[in-house]
Protein chains: 2
Amino acid sequence: MEIEQTLFVKMALDAWDTYVSRTQKLFDTFTDAQLLGEVAPGRNRGVYLLGHLTCVHDRMLPLLDFGEAHYPGLTDIFLHKPDKTTAEIPSTQELRRYWNEVNSALNENFQRLTPEEWFQKHTSVSAADFEKEPQRNKLNVVINRTNHLANHYGQLVFLKHE
Amino acid sequence: MEIEQTLFVKMALDAWDTYVSRTQKLFDTFTDAQLLGEVAPGRNRGVYLLGHLTCVHDRMLPLLDFGEAHYPGLTDIFLHKPDKTTAEIPSTQELRRYWNEVNSALNENFQRLTPEEWFQKHTSVSAADFEKEPQRNKLNVVINRTNHLANHYGQLVFLKHE
């Protein structure tokens with residue numbers, strides 16, 4: 001069982017690493033000014049997607065029982081509200097730092113989790129519901145958030161470098 | 001082990017089903033004429049992404065050892081060549097039919113695979129390499145193709161209905 005579980009975890013974490021690293025490389029190709037552009041006419045700006053992804057990843061910390069979110073202030077700006085509705089947002093440089101920092105914090109916690117712990121419930125499902133739906137475990141959060149990241153990565157590649 | 005394997009297979013297939021169903025619903029909201037539009041200025045047309053996703057899913061059939069691809073002719077047009085470089089492509093109506101048909105074929109095969117079989121090697125990795133890298137199994141193909149689909153889904157939502 002140990003070997004099989006370790007393998008599942010590796011498969012899910014490899015996919016996560018692939019998209020985090022791909023997205024990181026893409027963000028690095030853009031200047032702060034370029035990130036202020038929209039990915040498509042009338043759509044989200046690069047900087048909004050940077051903040052949105054940072055916020056969603058930051059919120060994985062409490063969801064996976066790794067402690068509190070580091071930047072709870074991002075939720076209102078980058079999750080509850082659409083782009084271009086809040087005048088004051090953190091600077092792009094700050095957001096880049098948060099993005100790196102949050103992904104590092106996740107990664108450190110990922111490394112120390114045992115395979116058994118990955119199959120335990122995440123914090124937003126009750127023990128009773130988890131008994132009926134054991135797929136609502138921590139590893140599933142990573143699988144779903146990888147798809148979320150891939151979804152927005154597909155949009156960020158449209159951002160212009162000119 | 002059986003229970004853990006079954007659970008992990010369910011987690012990966014649920015994520016696949018979520019994005020296939022979401023993408024299907026999105027395609028259904030577009031007319032054939034709307035699918036001829038580009039998802040963003042100068043980017044792929046909706047119809048190209050429909051063909052591309054159909055092709056990539058069709059090629060999962062041989063990769064997962066479920067038999068031959070049903071529409072091998074799509075590979076040259078929708079995988080090897082970029083959009084707008086081939087004059088003759090199948091009609092949008094045909095592509096919609098292929099898309100449904102290929103996903104149904106995959107789904108039927110998915111249902112009959114045992115958890116053990118999901119952890120066997122896919123057809124493009126050698127037995128020797130698979131011994132060293134057991135994560136290159138059939139289920140991993142589904143995980144990776146789900147991310148591929150999510151990536152393009154994120155682009156298709158930009159296609160205009162007007």
# chains A, B, ... in the order shown; residues from 1 in each chain; ligands from 1
>>> select_by_dssp(residues="chain B", states="helix (DSSP H, G or I)", output="ChimeraX atom specification")
/B:2-29,32-35,46-58,60-63,74-80,92-112,115-118,127-132,138-156
>>> interface_residues(of="chain B", to="chain A", cutoff="6 Å", atoms="only C-alpha atoms", output="ChimeraX atom specification")
/B:1,40,147,150-152,154-155
>>> select_by_dssp(residues="chain A", states="strand (DSSP E or B)", output="ChimeraX atom specification")
/A:38,45,121,137
>>> write_last_selection(atoms="all heavy atoms", output="mmCIF file, in the first residue's frame")
data_model
loop_
_atom_site.group_PDB
_atom_site.id
_atom_site.type_symbol
_atom_site.label_atom_id
_atom_site.label_comp_id
_atom_site.auth_asym_id
_atom_site.auth_seq_id
_atom_site.Cartn_x
_atom_site.Cartn_y
_atom_site.Cartn_z
ATOM 1 N N GLU A 38 -4.436 43.400 -20.915
ATOM 2 C CA GLU A 38 -5.486 42.378 -20.820
ATOM 3 C C GLU A 38 -5.072 41.155 -21.643
ATOM 4 O O GLU A 38 -4.490 41.299 -22.720
ATOM 5 C CB GLU A 38 -6.802 42.921 -21.380
ATOM 6 C CG GLU A 38 -7.384 44.072 -20.561
ATOM 7 C CD GLU A 38 -8.594 44.727 -21.241
ATOM 8 O OE1 GLU A 38 -8.728 44.590 -22.486
ATOM 9 O OE2 GLU A 38 -9.389 45.354 -20.532
ATOM 10 N N ARG A 45 -6.714 41.371 -16.759
ATOM 11 C CA ARG A 45 -5.327 41.767 -16.991
ATOM 12 C C ARG A 45 -4.388 40.695 -16.426
ATOM 13 O O ARG A 45 -4.769 39.950 -15.518
ATOM 14 C CB ARG A 45 -5.057 43.097 -16.278
ATOM 15 C CG ARG A 45 -5.817 44.282 -16.874
ATOM 16 C CD ARG A 45 -5.628 45.517 -16.026
ATOM 17 N NE ARG A 45 -6.141 45.304 -14.670
ATOM 18 C CZ ARG A 45 -5.849 46.057 -13.627
ATOM 19 N NH1 ARG A 45 -5.022 47.089 -13.754
ATOM 20 N NH2 ARG A 45 -6.365 45.796 -12.441
ATOM 21 N N LYS A 121 -8.965 14.069 5.152
ATOM 22 C CA LYS A 121 -9.908 15.096 4.700
ATOM 23 C C LYS A 121 -9.268 16.490 4.705
ATOM 24 O O LYS A 121 -8.412 16.794 5.517
ATOM 25 C CB LYS A 121 -11.172 15.078 5.553
ATOM 26 C CG LYS A 121 -11.076 15.743 6.917
ATOM 27 C CD LYS A 121 -12.437 15.693 7.592
ATOM 28 C CE LYS A 121 -12.522 16.746 8.704
ATOM 29 N NZ LYS A 121 -12.470 18.133 8.203
ATOM 30 N N ASN A 137 -10.375 14.530 -0.238
ATOM 31 C CA ASN A 137 -9.158 14.531 0.582
ATOM 32 C C ASN A 137 -8.185 15.617 0.108
ATOM 33 O O ASN A 137 -8.462 16.339 -0.859
ATOM 34 C CB ASN A 137 -8.524 13.136 0.535
ATOM 35 C CG ASN A 137 -8.292 12.678 -0.891
ATOM 36 O OD1 ASN A 137 -7.659 13.387 -1.675
ATOM 37 N ND2 ASN A 137 -8.814 11.508 -1.256
#
>>> atom_distance(atom1="CA of Leu63 in chain A", atom2="CA of Asp17 in chain A")
18.7 Å
>>> atom_distance(atom1="CA of Leu61 in chain B", atom2="CA of Leu106 in chain B")
6.7 Å
>>> atom_distance(atom1="CA of Phe110 in chain A", atom2="CA of Met60 in chain A")
11.2 Å
>>> closest_residue(among="B:Val142, B:Leu74, B:Leu13, B:Ala69", to="Leu95 in chain B", atoms="only C-alpha atoms")
B:Leu74
>>> closest_residue(among="B:Tyr71, B:Tyr48, B:Tyr98, B:Phe66", to="Asp83 in chain B", atoms="only C-alpha atoms")
B:Tyr48
>>> residues_around(residues="Thr123 in chain B", least_positions_apart="3", cutoff="8 Å", atoms="only C-alpha atoms", output="list in words")
Pro62, Leu63, Leu64, Asp65 and Ser126 of chain B
